[in-house]
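Following: one structure in structure tokens, then a few remarks.
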Amino acid sequence: MGQQQLLLLVLGIVIVGLAVSTGIEAFEENRKKSMIDRDTQEAVQMAAEIIAWYQKPTAMGGNGGQSDLSALTMETLGYPQNRSTSSRTEHRTDTQIRAIYRSSSAPIIHIHPMPWDVDDATLVEIAVYGPDPACMTRRTAIYQESRSGRVFDSGVHENPDPTRCFW
């Protein structure tokens with residue numbers, strides 16, 4: 001083979017290698033975004049179930065529009081309850097944890113992978129400030145490993161419209 005043919009062969013191999021590595025990177029990024037979108041969709045569905053439960057009459061198993069949401073649990077929404085603390089109820093599967101935190105201003109839904117030690121584990125969080133779909137706020141955080149453990153933005157959600165969005 002001549003030098004020109006060898007040069008073209010090496011150049012072809014380099015181009016194919018770059019294309020494969022770029023494709024793998026794009027696939028991994030798309031996988032992460034797909035997981036976040038899936039978890040966000042489930043959290044929005046759970047938020048809609050909270051709104052429906054709030055507006056359903058008490059005779060039909062709902063809250064009847066009462067502002068007290070203390071009875072809200074995972075079982076209330078039809079999910080088996082695996083764990084309960086004073087402020088949170090959880091439903092766990094082999095791959096995911098869904099939790100509802102009851103706060104004074106809004107129920108907050110957390111969905112994150114199970115187990116916790118998954119690389120680049122995503123957390124989807126939705127706060128529901130009132131019985132209106134416009135009263136939901138969303139935040140997605142990606143856990144990062146540090147010496148002290150997992151770190152993520154745990155700031156408070158902003159109520160989109162305090163004059164309209166309240167229970």
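Convention: chains lettered A, B, ... in structure tokens order; per-chain residue numbering from 1; ligands numbered from 1 as shown.
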Enumerate, in order of chain and increasing residue number, the residues of stretch 33-59 of chain A with an atom no farther than 10 Å from stretch 111-114 of chain A, each with its shortest atom pair and distance in Å to one decimal, counting only C-alpha atoms, as a Markdown table.
| residue | atom | partner | partner_atom | distance |
| --- | --- | --- | --- | --- |
| A:Met35 | CA | A:Pro113 | CA | 9.6 |
| A:Ile36 | CA | A:His112 | CA | 9.3 |
| A:Asp39 | CA | A:Ile111 | CA | 6.4 |
| A:Thr40 | CA | A:Ile111 | CA | 8.1 |
| A:Glu42 | CA | A:Ile111 | CA | 8.3 |
| A:Ala43 | CA | A:Ile111 | CA | 6.9 |
Mind dumping the selected residues with N, CA, C and O atoms as a PDB file, in the first residue's frame?
ATOM      1  N   MET A  35     -35.449   9.627  31.353  1.00  0.00           N
ATOM      2  CA  MET A  35     -35.787   9.244  32.722  1.00  0.00           C
ATOM      3  C   MET A  35     -36.411  10.418  33.475  1.00  0.00           C
ATOM      4  O   MET A  35     -37.397  10.253  34.199  1.00  0.00           O
ATOM      5  N   ILE A  36     -35.853  11.601  33.316  1.00  0.00           N
ATOM      6  CA  ILE A  36     -36.401  12.788  33.978  1.00  0.00           C
ATOM      7  C   ILE A  36     -37.811  13.073  33.466  1.00  0.00           C
ATOM      8  O   ILE A  36     -38.725  13.354  34.246  1.00  0.00           O
ATOM      9  N   ASP A  39     -40.262  10.487  34.961  1.00  0.00           N
ATOM     10  CA  ASP A  39     -40.551  10.760  36.369  1.00  0.00           C
ATOM     11  C   ASP A  39     -41.399  12.017  36.530  1.00  0.00           C
ATOM     12  O   ASP A  39     -42.284  12.081  37.381  1.00  0.00           O
ATOM     13  N   THR A  40     -41.132  13.024  35.701  1.00  0.00           N
ATOM     14  CA  THR A  40     -41.917  14.258  35.758  1.00  0.00           C
ATOM     15  C   THR A  40     -43.367  13.985  35.368  1.00  0.00           C
ATOM     16  O   THR A  40     -44.295  14.474  36.013  1.00  0.00           O
ATOM     17  N   GLU A  42     -44.990  11.193  35.700  1.00  0.00           N
ATOM     18  CA  GLU A  42     -45.640  10.477  36.798  1.00  0.00           C
ATOM     19  C   GLU A  42     -45.959  11.427  37.955  1.00  0.00           C
ATOM     20  O   GLU A  42     -47.016  11.326  38.576  1.00  0.00           O
ATOM     21  N   ALA A  43     -45.057  12.349  38.254  1.00  0.00           N
ATOM     22  CA  ALA A  43     -45.310  13.304  39.333  1.00  0.00           C
ATOM     23  C   ALA A  43     -46.471  14.231  38.991  1.00  0.00           C
ATOM     24  O   ALA A  43     -47.290  14.551  39.856  1.00  0.00           O
TER      25      ALA A  43
END
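Within the 10 Å cut-off around A:Ser70, using only C-alpha atoms and omitting residues fewer than 2 positions from it on the same chain, the listed residues are A:Ser67, A:Asp68, A:Leu72, A:Thr73, A:Ser87, A:Arg102, A:Ser103, A:Ser104, A:Pro107.
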TODO: Step one, run DSSP on the backbone; step two, keep only residues of stretch 46-156 of chain A assigned to helix (DSSP H, G or I); then write them as a ChimeraX atom specification.
DONE: /A:46-55,58-60,133-135
Task: Distance query A:Thr137 at most 7 Å, only C-alpha atoms, self and fewer than 5 positions along chain excluded, as number ranges by chain - done: A: 126-128, 157
Store the residues picked out above in a file with N, CA, C and O atoms, as a compact mmCIF listing (two decimals), in the first residue's frame.
# COMPACT_ATOMS: atom_id res chain seq x y z
N ILE A 126 -42.41 18.04 42.61
CA ILE A 126 -43.51 18.91 42.20
C ILE A 126 -44.27 19.33 43.45
O ILE A 126 -44.62 18.49 44.28
N ALA A 127 -44.51 20.62 43.58
CA ALA A 127 -45.32 21.14 44.69
C ALA A 127 -46.68 21.54 44.12
O ALA A 127 -46.76 22.16 43.06
N VAL A 128 -47.74 21.18 44.83
CA VAL A 128 -49.09 21.49 44.39
C VAL A 128 -49.68 22.48 45.39
O VAL A 128 -49.98 22.13 46.52
N HIS A 157 -39.99 25.79 46.73
CA HIS A 157 -40.68 26.17 45.50
C HIS A 157 -41.35 27.52 45.68
O HIS A 157 -41.74 27.89 46.78
Can you pull out every residue from chain A that DSSP, working from the backbone, puts in strand (DSSP E or B), and format the result as a PDB file with N, CA, C and O atoms, in the first residue's frame?
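This went into selection-v1.pdb:
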ATOM      1  N   ARG A  83     -44.047   2.968  53.675  1.00  0.00           N
ATOM      2  CA  ARG A  83     -43.377   3.611  54.802  1.00  0.00           C
ATOM      3  C   ARG A  83     -44.085   4.921  55.116  1.00  0.00           C
ATOM      4  O   ARG A  83     -44.555   5.609  54.221  1.00  0.00           O
ATOM      5  N   SER A  84     -44.141   5.265  56.375  1.00  0.00           N
ATOM      6  CA  SER A  84     -44.793   6.508  56.761  1.00  0.00           C
ATOM      7  C   SER A  84     -44.046   7.134  57.921  1.00  0.00           C
ATOM      8  O   SER A  84     -43.620   6.458  58.844  1.00  0.00           O
ATOM      9  N   ARG A  88     -44.354  12.429  55.919  1.00  0.00           N
ATOM     10  CA  ARG A  88     -44.183  11.882  54.582  1.00  0.00           C
ATOM     11  C   ARG A  88     -44.732  10.461  54.522  1.00  0.00           C
ATOM     12  O   ARG A  88     -44.639   9.703  55.468  1.00  0.00           O
ATOM     13  N   THR A  89     -45.289  10.111  53.366  1.00  0.00           N
ATOM     14  CA  THR A  89     -45.634   8.720  53.102  1.00  0.00           C
ATOM     15  C   THR A  89     -44.914   8.309  51.823  1.00  0.00           C
ATOM     16  O   THR A  89     -44.722   9.133  50.932  1.00  0.00           O
ATOM     17  N   GLU A  90     -44.532   7.045  51.745  1.00  0.00           N
ATOM     18  CA  GLU A  90     -43.742   6.569  50.606  1.00  0.00           C
ATOM     19  C   GLU A  90     -44.339   5.319  49.997  1.00  0.00           C
ATOM     20  O   GLU A  90     -44.964   4.522  50.683  1.00  0.00           O
ATOM     21  N   HIS A  91     -44.084   5.169  48.705  1.00  0.00           N
ATOM     22  CA  HIS A  91     -44.332   3.910  48.014  1.00  0.00           C
ATOM     23  C   HIS A  91     -43.032   3.553  47.318  1.00  0.00           C
ATOM     24  O   HIS A  91     -42.511   4.338  46.541  1.00  0.00           O
ATOM     25  N   ARG A  92     -42.503   2.377  47.613  1.00  0.00           N
ATOM     26  CA  ARG A  92     -41.222   1.950  47.048  1.00  0.00           C
ATOM     27  C   ARG A  92     -41.421   0.758  46.117  1.00  0.00           C
ATOM     28  O   ARG A  92     -42.199  -0.135  46.409  1.00  0.00           O
ATOM     29  N   GLN A  96     -37.839   2.564  42.082  1.00  0.00           N
ATOM     30  CA  GLN A  96     -38.254   3.944  42.316  1.00  0.00           C
ATOM     31  C   GLN A  96     -38.856   4.138  43.698  1.00  0.00           C
ATOM     32  O   GLN A  96     -39.431   3.210  44.272  1.00  0.00           O
ATOM     33  N   ILE A  97     -38.718   5.344  44.206  1.00  0.00           N
ATOM     34  CA  ILE A  97     -39.403   5.755  45.436  1.00  0.00           C
ATOM     35  C   ILE A  97     -40.282   6.947  45.073  1.00  0.00           C
ATOM     36  O   ILE A  97     -39.825   7.905  44.453  1.00  0.00           O
ATOM     37  N   ARG A  98     -41.545   6.862  45.456  1.00  0.00           N
ATOM     38  CA  ARG A  98     -42.458   7.992  45.314  1.00  0.00           C
ATOM     39  C   ARG A  98     -42.839   8.410  46.727  1.00  0.00           C
ATOM     40  O   ARG A  98     -43.218   7.555  47.528  1.00  0.00           O
ATOM     41  N   ALA A  99     -42.746   9.689  47.019  1.00  0.00           N
ATOM     42  CA  ALA A  99     -43.060  10.155  48.376  1.00  0.00           C
ATOM     43  C   ALA A  99     -43.896  11.416  48.296  1.00  0.00           C
ATOM     44  O   ALA A  99     -43.734  12.225  47.386  1.00  0.00           O
ATOM     45  N   ILE A 100     -44.805  11.567  49.258  1.00  0.00           N
ATOM     46  CA  ILE A 100     -45.580  12.801  49.400  1.00  0.00           C
ATOM     47  C   ILE A 100     -45.233  13.410  50.743  1.00  0.00           C
ATOM     48  O   ILE A 100     -45.373  12.769  51.778  1.00  0.00           O
ATOM     49  N   TYR A 101     -44.751  14.644  50.713  1.00  0.00           N
ATOM     50  CA  TYR A 101     -44.486  15.404  51.927  1.00  0.00           C
ATOM     51  C   TYR A 101     -45.644  16.364  52.102  1.00  0.00           C
ATOM     52  O   TYR A 101     -45.998  17.084  51.183  1.00  0.00           O
ATOM     53  N   ARG A 102     -46.204  16.387  53.270  1.00  0.00           N
ATOM     54  CA  ARG A 102     -47.279  17.340  53.539  1.00  0.00           C
ATOM     55  C   ARG A 102     -46.678  18.533  54.269  1.00  0.00           C
ATOM     56  O   ARG A 102     -46.087  18.383  55.324  1.00  0.00           O
ATOM     57  N   PRO A 107     -48.786  20.085  49.293  1.00  0.00           N
ATOM     58  CA  PRO A 107     -48.173  18.763  49.260  1.00  0.00           C
ATOM     59  C   PRO A 107     -47.044  18.771  48.227  1.00  0.00           C
ATOM     60  O   PRO A 107     -47.187  19.361  47.162  1.00  0.00           O
ATOM     61  N   ILE A 108     -45.939  18.148  48.556  1.00  0.00           N
ATOM     62  CA  ILE A 108     -44.792  18.087  47.652  1.00  0.00           C
ATOM     63  C   ILE A 108     -44.553  16.631  47.298  1.00  0.00           C
ATOM     64  O   ILE A 108     -44.459  15.772  48.169  1.00  0.00           O
ATOM     65  N   ILE A 109     -44.449  16.347  46.016  1.00  0.00           N
ATOM     66  CA  ILE A 109     -44.225  14.988  45.518  1.00  0.00           C
ATOM     67  C   ILE A 109     -42.761  14.853  45.121  1.00  0.00           C
ATOM     68  O   ILE A 109     -42.236  15.683  44.383  1.00  0.00           O
ATOM     69  N   HIS A 110     -42.115  13.808  45.634  1.00  0.00           N
ATOM     70  CA  HIS A 110     -40.736  13.481  45.248  1.00  0.00           C
ATOM     71  C   HIS A 110     -40.756  12.135  44.533  1.00  0.00           C
ATOM     72  O   HIS A 110     -41.370  11.198  45.029  1.00  0.00           O
ATOM     73  N   ILE A 111     -40.063  12.042  43.426  1.00  0.00           N
ATOM     74  CA  ILE A 111     -39.855  10.755  42.763  1.00  0.00           C
ATOM     75  C   ILE A 111     -38.371  10.653  42.480  1.00  0.00           C
ATOM     76  O   ILE A 111     -37.776  11.550  41.884  1.00  0.00           O
ATOM     77  N   HIS A 112     -37.756   9.573  42.941  1.00  0.00           N
ATOM     78  CA  HIS A 112     -36.337   9.369  42.664  1.00  0.00           C
ATOM     79  C   HIS A 112     -36.036   7.886  42.572  1.00  0.00           C
ATOM     80  O   HIS A 112     -36.825   7.053  43.011  1.00  0.00           O
ATOM     81  N   PRO A 113     -34.894   7.537  41.976  1.00  0.00           N
ATOM     82  CA  PRO A 113     -34.570   6.128  41.768  1.00  0.00           C
ATOM     83  C   PRO A 113     -34.312   5.385  43.062  1.00  0.00           C
ATOM     84  O   PRO A 113     -33.949   5.973  44.074  1.00  0.00           O
ATOM     85  N   THR A 122     -31.566  11.024  39.410  1.00  0.00           N
ATOM     86  CA  THR A 122     -32.372  12.233  39.267  1.00  0.00           C
ATOM     87  C   THR A 122     -33.477  12.260  40.306  1.00  0.00           C
ATOM     88  O   THR A 122     -34.006  11.237  40.708  1.00  0.00           O
ATOM     89  N   LEU A 123     -33.811  13.442  40.723  1.00  0.00           N
ATOM     90  CA  LEU A 123     -34.911  13.668  41.646  1.00  0.00           C
ATOM     91  C   LEU A 123     -35.881  14.617  40.959  1.00  0.00           C
ATOM     92  O   LEU A 123     -35.483  15.680  40.502  1.00  0.00           O
ATOM     93  N   VAL A 124     -37.127  14.222  40.876  1.00  0.00           N
ATOM     94  CA  VAL A 124     -38.162  15.099  40.337  1.00  0.00           C
ATOM     95  C   VAL A 124     -39.037  15.514  41.504  1.00  0.00           C
ATOM     96  O   VAL A 124     -39.427  14.690  42.324  1.00  0.00           O
ATOM     97  N   GLU A 125     -39.341  16.782  41.585  1.00  0.00           N
ATOM     98  CA  GLU A 125     -40.108  17.310  42.708  1.00  0.00           C
ATOM     99  C   GLU A 125     -41.175  18.250  42.171  1.00  0.00           C
ATOM    100  O   GLU A 125     -40.877  19.126  41.365  1.00  0.00           O
ATOM    101  N   ILE A 126     -42.409  18.038  42.614  1.00  0.00           N
ATOM    102  CA  ILE A 126     -43.513  18.907  42.202  1.00  0.00           C
ATOM    103  C   ILE A 126     -44.274  19.329  43.448  1.00  0.00           C
ATOM    104  O   ILE A 126     -44.617  18.490  44.278  1.00  0.00           O
ATOM    105  N   ALA A 127     -44.514  20.618  43.583  1.00  0.00           N
ATOM    106  CA  ALA A 127     -45.325  21.145  44.687  1.00  0.00           C
ATOM    107  C   ALA A 127     -46.679  21.543  44.117  1.00  0.00           C
ATOM    108  O   ALA A 127     -46.761  22.156  43.058  1.00  0.00           O
ATOM    109  N   VAL A 128     -47.736  21.185  44.835  1.00  0.00           N
ATOM    110  CA  VAL A 128     -49.094  21.485  44.393  1.00  0.00           C
ATOM    111  C   VAL A 128     -49.677  22.482  45.392  1.00  0.00           C
ATOM    112  O   VAL A 128     -49.979  22.133  46.521  1.00  0.00           O
ATOM    113  N   MET A 136     -49.241  24.175  40.108  1.00  0.00           N
ATOM    114  CA  MET A 136     -48.171  23.194  40.303  1.00  0.00           C
ATOM    115  C   MET A 136     -46.849  23.827  39.900  1.00  0.00           C
ATOM    116  O   MET A 136     -46.773  24.525  38.893  1.00  0.00           O
ATOM    117  N   THR A 137     -45.819  23.595  40.691  1.00  0.00           N
ATOM    118  CA  THR A 137     -44.485  24.033  40.306  1.00  0.00           C
ATOM    119  C   THR A 137     -43.576  22.820  40.295  1.00  0.00           C
ATOM    120  O   THR A 137     -43.740  21.900  41.086  1.00  0.00           O
ATOM    121  N   ARG A 138     -42.611  22.826  39.414  1.00  0.00           N
ATOM    122  CA  ARG A 138     -41.755  21.667  39.184  1.00  0.00           C
ATOM    123  C   ARG A 138     -40.293  22.049  39.356  1.00  0.00           C
ATOM    124  O   ARG A 138     -39.884  23.142  38.990  1.00  0.00           O
ATOM    125  N   ARG A 139     -39.534  21.114  39.900  1.00  0.00           N
ATOM    126  CA  ARG A 139     -38.084  21.290  39.963  1.00  0.00           C
ATOM    127  C   ARG A 139     -37.453  19.925  39.784  1.00  0.00           C
ATOM    128  O   ARG A 139     -37.919  18.931  40.328  1.00  0.00           O
ATOM    129  N   THR A 140     -36.387  19.881  39.032  1.00  0.00           N
ATOM    130  CA  THR A 140     -35.629  18.654  38.841  1.00  0.00           C
ATOM    131  C   THR A 140     -34.207  18.912  39.290  1.00  0.00           C
ATOM    132  O   THR A 140     -33.616  19.910  38.906  1.00  0.00           O
ATOM    133  N   ALA A 141     -33.683  18.032  40.110  1.00  0.00           N
ATOM    134  CA  ALA A 141     -32.306  18.165  40.571  1.00  0.00           C
ATOM    135  C   ALA A 141     -31.565  16.885  40.236  1.00  0.00           C
ATOM    136  O   ALA A 141     -32.146  15.815  40.200  1.00  0.00           O
ATOM    137  N   ILE A 142     -30.286  16.997  39.994  1.00  0.00           N
ATOM    138  CA  ILE A 142     -29.447  15.825  39.779  1.00  0.00           C
ATOM    139  C   ILE A 142     -28.509  15.721  40.961  1.00  0.00           C
ATOM    140  O   ILE A 142     -27.802  16.667  41.296  1.00  0.00           O
ATOM    141  N   GLN A 144     -25.406  14.899  43.172  1.00  0.00           N
ATOM    142  CA  GLN A 144     -23.975  14.875  42.921  1.00  0.00           C
ATOM    143  C   GLN A 144     -23.299  14.301  44.153  1.00  0.00           C
ATOM    144  O   GLN A 144     -23.652  14.639  45.273  1.00  0.00           O
ATOM    145  N   GLU A 145     -22.352  13.424  43.917  1.00  0.00           N
ATOM    146  CA  GLU A 145     -21.627  12.834  45.035  1.00  0.00           C
ATOM    147  C   GLU A 145     -20.615  13.840  45.573  1.00  0.00           C
ATOM    148  O   GLU A 145     -19.963  14.537  44.824  1.00  0.00           O
ATOM    149  N   SER A 146     -20.502  13.911  46.866  1.00  0.00           N
ATOM    150  CA  SER A 146     -19.487  14.742  47.497  1.00  0.00           C
ATOM    151  C   SER A 146     -18.971  13.993  48.714  1.00  0.00           C
ATOM    152  O   SER A 146     -19.466  12.930  49.051  1.00  0.00           O
ATOM    153  N   GLY A 149     -21.658  13.363  51.159  1.00  0.00           N
ATOM    154  CA  GLY A 149     -22.824  12.601  50.703  1.00  0.00           C
ATOM    155  C   GLY A 149     -23.480  13.282  49.522  1.00  0.00           C
ATOM    156  O   GLY A 149     -22.873  14.073  48.815  1.00  0.00           O
ATOM    157  N   ARG A 150     -24.741  12.955  49.304  1.00  0.00           N
ATOM    158  CA  ARG A 150     -25.470  13.506  48.168  1.00  0.00           C
ATOM    159  C   ARG A 150     -25.806  14.973  48.406  1.00  0.00           C
ATOM    160  O   ARG A 150     -26.211  15.353  49.490  1.00  0.00           O
ATOM    161  N   VAL A 151     -25.687  15.762  47.357  1.00  0.00           N
ATOM    162  CA  VAL A 151     -25.956  17.191  47.449  1.00  0.00           C
ATOM    163  C   VAL A 151     -26.926  17.548  46.339  1.00  0.00           C
ATOM    164  O   VAL A 151     -26.765  17.132  45.205  1.00  0.00           O
TER     165      VAL A 151
END
Task: Contact residues around A:Ala48 with only C-alpha atoms at 9 Å, ignoring same-chain residues under 4 positions, as a count of residues only - done: 8
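Atom CA of A:Lys32 lies 26.8 Å from atom CA of A:Asn82.
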- [ ] Could you please determine the separation between atom CA of A:Gly65 and atom CA of A:Ile51 in Å, to one decimal place?
- [x] 9.4 Å
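The interatomic distance for the pair atom CA of A:Lys56 and atom CA of A:Ser86 works out to 24.5 Å.
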